[in-house]
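Taking it in order: structure first as structure tokens, then the write-up.
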Amino acid sequence: MSRPSRSSGRLASLALAWAVASVAAAEEPAQKRSVEYSPTGWLERMDQALTSRNYDGTFSHWQGGRVEMLRIIHRVQDGIVSERLASLDGSGREFIRTGASLVCYLPDRRTVLVEQRPSEESLVSFPTVNDQTASFYDIREVGHMRLNHRDTHVIAVSPKDEYRYGYRLWVDESTAMPLRSQLVDPHGQVIEQIVFASLTLSARIADAAFRPDISTEGFQWLRADATPHPQPGTSALAWSATSLPPGFRMTVRSAQILPGSVGAVDHLVFTDGFASVSVFVERQPAPSGQPPVPESATVGSSSAFSTVVDGHKITAVGEVPPATVRFIAGQLKAQGAAAAGR
Amino acid sequence: MRCCWPSRRSPPTPRRALAGAAVAAGVATVSILWLRTQAPLPGAQLAAGGQSTPPTATASAQGDSYVVPRPRPAAVAVPSTELANYVVAHSMFSTPVARRNLLSAFMTSESAGAGTEEPQSDVKAIAQ
């Protein structure tokens with residue numbers, strides 16, 4: 001994991017300096033300043049704002065000394081959530097979600113991933129901060145700050161152990177939108193930062209805003225079915241973790257087809273209310289020769305870890321330190337009578 | 001202002017040499033104990049990261065010995081396309097702010113991970 005250096009910090013600052021920040025929330029009635037919220041209350045308001053408001057903004061994403069601009073458009077209309085996230089420079093990738101349909105355009109690979117989630121899962125309930133979560137994080141308001149001409153409350157979410165990352169969030173007082181957010185490691189070092197350069201909250205956003213800018217001519221399309229086809233060798237097994245990091249619990253267990261996959265993949269989700277880790281279990285092709293060894297990967301500040309257990313590939317992915325995904329993946333076992341059917 | 005310290009050096013004696021060796025051994029022991037305390041989280045496995053077992057050299061009374069590294073085992077590689085699938089699927093279950101971080105990092109990552117590309121023949125491709 002790379003850490004921000006002083007020079008890269010300057011680079012991030014310079015890259016952001018050119019952007020004239022503006023937050024237009026004319027159609028949103030401002031909350032009274034006298035209203036007091038607890039730090040946890042601000043987090044709840046922020047989650048609510050991110051998931052229920054209509055907004056269109058550009059922001060910088062800093063990680064590992066690199067800064068890129070992205071645009072996010074989010075709309076909730078007639079109960080259907082639409083979202084478009086596009087890289088404005090660099091890879092040119094786009095991610096568009098409409099209800100239960102997810103389309104990921106990867107022009108750098110000339111590939112499009114299409115995932116159709118079952119309709120009953122279209123409205124995913126996000127993890128929520130509760131009293132138990134608060135026992136594994138120190139959540140406090142560390143100050144007020146003017147950011148881009150807006151009053152913000154600075155909320156620090158500090159992990160109490162090394163199994164999870166923390167956040168520093170600059171939450172807009174009027175709209176509860178996080179105008180700036182930092183992901184910090186257990187030692188308080190910033191490893192990722194997002195800063196909005198512009199943000200507009202609108203009552204209506206046209207459908208055209210959710211069309212990709214990319215021509216997909218000649219692209220490879222990888223699709224996933226909405227309905228998984230359970231395979232005896234995969235979903236018939238009852239996989240669970242024999243031990244979890246403190247505060248984590250399993251909240252989701254499902255079988256699904258991923259784009260390009262030939263069989264159902266078991267998907268387990270573990271969360272502490274703030275951080276979450278997905279574990280995917282799928283049949284591993286017969287080994288050839290040497291036994292496989294575990295392997296790690298990273299996507300930005302998120303971690304992935306794969307290993308093989310009882311002929312199944314176990315892959316854990318989450319916005320947690322590498323040791324946490326390794327730990328959880330290593331604890332997964334096929335349980336009970338189902339395991340005997342292998 | 002210059003200042004001179006009287007030289008305290010004296011010819012080494014066998015007792016001094018023995019004491020020096022004892023100090024060196026003590027430092028080495030403390031170092032080993034300290035390194036052991038720097039182990040990863042309890043229960044966590046070490047990721048081999050697809051690398052072969054490093055050669056180990058040990059000092060012994062009979063002289064240095066060398067263990068020939070084993071052949072590189074097959075790594076459980078996470079193909080980048082597969083990793084992209086996992087990231088997208090996982091993003092649906094993240095908190096809103098974590099989800100934004102996750103997808104932004106995915107959008108800006110050059111290779112979306114350290115894994116190797118999945119062979120095209122193994123991918124179920126459906127042309128539109």
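How things are named: the first chain in the structure tokens is A, the next is B, and so on; residues count from 1 in each chain; ligands count from 1 in the order shown.
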
| Counting only C-alpha atoms, what is within 7 Å of Asp185 (chain A), bar same-chain residues fewer than 6 positions away, as a list of chain:residue names? |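 Final neighbour list, sorted by chain and number: A:Tyr165, A:Gly166, A:Ile191.
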
Residues as selected, N, CA and C atoms, written as a compact mmCIF listing (two decimals), in the first residue's frame, can you do that?
# COMPACT_ATOMS: atom_id res chain seq x y z
N TYR A 165 -10.11 0.09 8.05
CA TYR A 165 -9.65 1.44 7.78
C TYR A 165 -10.57 2.44 8.47
N GLY A 166 -10.13 3.67 8.49
CA GLY A 166 -10.94 4.74 9.04
C GLY A 166 -11.25 5.78 7.97
N ILE A 191 -4.68 7.28 2.79
CA ILE A 191 -4.32 6.41 1.67
C ILE A 191 -5.19 6.67 0.44

| Of the candidates B:Leu83, B:Ala22, B:Ala105, B:Val88, which shows the shortest atom-to-atom distance to chain A, using only C-alpha atoms? | B:Ala105

| task | Could you give me, as a PyMOL selection string, the residues within 9 Å of Ala98 (chain B), counting only C-alpha atoms and dropping anything in the same chain fewer than 2 positions from it? | result | (chain A and resi 183+274-276+319) or (chain B and resi 91+94-96+100-103)

| When you draw a straight line from CA of Leu201 (chain A) to CA of Glu173 (chain A), how long is it in Å? |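 About the pair CA of Leu201 (chain A) and CA of Glu173 (chain A): they are 14.2 Å apart.
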
| message | Give me, as a ChimeraX atom specification, all polymer residues having an atom no more than 8 Å from Ser158 (chain A), counting only C-alpha atoms and skipping those fewer than 2 positions away in the same chain. | response | /A:137-139,156,160,165-167,186,188

Write out the residues from the selection above, keeping C-alpha atoms, as a PDB file, in the first residue's frame.
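Written output follows (result_9.pdb):
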ATOM      1  CA  TYR A 137     -14.581   2.684  15.786  1.00  0.00           C
ATOM      2  CA  ASP A 138     -14.069   5.943  17.566  1.00  0.00           C
ATOM      3  CA  ILE A 139     -16.604   8.222  15.842  1.00  0.00           C
ATOM      4  CA  ALA A 156     -13.482  11.273  12.077  1.00  0.00           C
ATOM      5  CA  LYS A 160      -9.756   0.699  17.200  1.00  0.00           C
ATOM      6  CA  TYR A 165      -9.650   1.439   7.778  1.00  0.00           C
ATOM      7  CA  GLY A 166     -10.941   4.742   9.040  1.00  0.00           C
ATOM      8  CA  TYR A 167     -12.453   7.805   7.422  1.00  0.00           C
ATOM      9  CA  PRO A 186      -5.087   2.133  11.137  1.00  0.00           C
ATOM     10  CA  GLY A 188      -3.912   7.512  10.625  1.00  0.00           C
TER      11      GLY A 188
END

| task | Check the smallest atom-to-atom distance from each of A:Pro178, A:Ile205, A:Val299, A:Gly273 to Ser82 (chain A) using only C-alpha atoms, then report the winner. | result | A:Ile205

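Comparing A:Glu83, A:Glu68, A:Asp56, A:Glu36 by their smallest distance to chain B, the closest is A:Glu68 (using only C-alpha atoms).
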
Give me every strand (DSSP E or B) residue in region 98-196 of chain A, going by DSSP on the backbone, as a short mmCIF file (atom, residue, chain, number, x, y, z; two decimals) with C-alpha atoms, in the first residue's frame.
data_model
loop_
_atom_site.label_atom_id
_atom_site.label_comp_id
_atom_site.auth_asym_id
_atom_site.auth_seq_id
_atom_site.Cartn_x
_atom_site.Cartn_y
_atom_site.Cartn_z
CA THR A 98 -30.01 1.41 -13.63
CA SER A 101 -28.76 -3.64 -14.05
CA LEU A 102 -25.05 -2.88 -13.80
CA VAL A 103 -22.96 -2.12 -16.86
CA CYS A 104 -19.25 -1.53 -16.60
CA TYR A 105 -17.49 -0.16 -19.68
CA LEU A 106 -13.78 -0.88 -19.82
CA THR A 111 -14.73 -5.07 -22.67
CA VAL A 112 -18.16 -4.47 -21.22
CA LEU A 113 -19.31 -6.29 -18.10
CA VAL A 114 -23.05 -6.63 -17.66
CA GLU A 115 -24.53 -7.82 -14.43
CA GLN A 116 -28.22 -8.22 -13.83
CA TYR A 137 -14.58 2.68 15.79
CA ASP A 138 -14.07 5.94 17.57
CA ILE A 139 -16.60 8.22 15.84
CA ARG A 140 -16.36 11.88 16.70
CA GLU A 141 -16.78 15.32 15.24
CA VAL A 142 -13.39 16.94 15.17
CA GLY A 143 -14.38 20.38 13.98
CA HIS A 144 -16.20 22.68 11.61
CA MET A 145 -14.60 23.91 8.43
CA ARG A 146 -15.40 26.09 5.46
CA LEU A 147 -14.79 24.01 2.37
CA ARG A 150 -19.68 25.61 2.35
CA ASP A 151 -19.96 24.94 6.05
CA THR A 152 -18.94 21.39 6.81
CA HIS A 153 -18.78 19.17 9.85
CA VAL A 154 -15.59 17.13 10.00
CA ILE A 155 -16.34 13.63 11.23
CA ALA A 156 -13.48 11.27 12.08
CA VAL A 157 -14.12 7.55 12.09
CA SER A 158 -11.06 5.93 13.62
CA PRO A 159 -10.68 2.16 13.84
CA GLY A 166 -10.94 4.74 9.04
CA TYR A 167 -12.45 7.81 7.42
CA ARG A 168 -12.35 11.55 7.76
CA LEU A 169 -15.44 13.11 6.25
CA TRP A 170 -16.28 16.73 5.56
CA VAL A 171 -20.08 16.64 5.58
CA ASP A 172 -21.95 19.60 4.15
CA PRO A 178 -19.61 14.45 1.86
CA LEU A 179 -17.72 17.18 0.02
CA ARG A 180 -14.40 15.66 0.94
CA SER A 181 -13.51 12.23 2.28
CA GLN A 182 -10.27 10.58 3.25
CA LEU A 183 -9.63 6.92 3.78
CA VAL A 184 -7.02 6.43 6.46
CA VAL A 190 -4.27 9.03 4.41
CA ILE A 191 -4.32 6.41 1.67
CA GLU A 192 -7.13 7.69 -0.51
CA GLN A 193 -8.92 11.00 -0.89
CA ILE A 194 -11.96 12.23 -2.74
CA VAL A 195 -12.74 15.95 -3.06
CA PHE A 196 -15.68 17.36 -4.93
#

| said: Taking only region 129-258 of chain A into account, list the residues labelled alpha helix (DSSP H) by DSSP (computed from the backbone), as a PyMOL selection string. | reply: chain A and resi 131-134
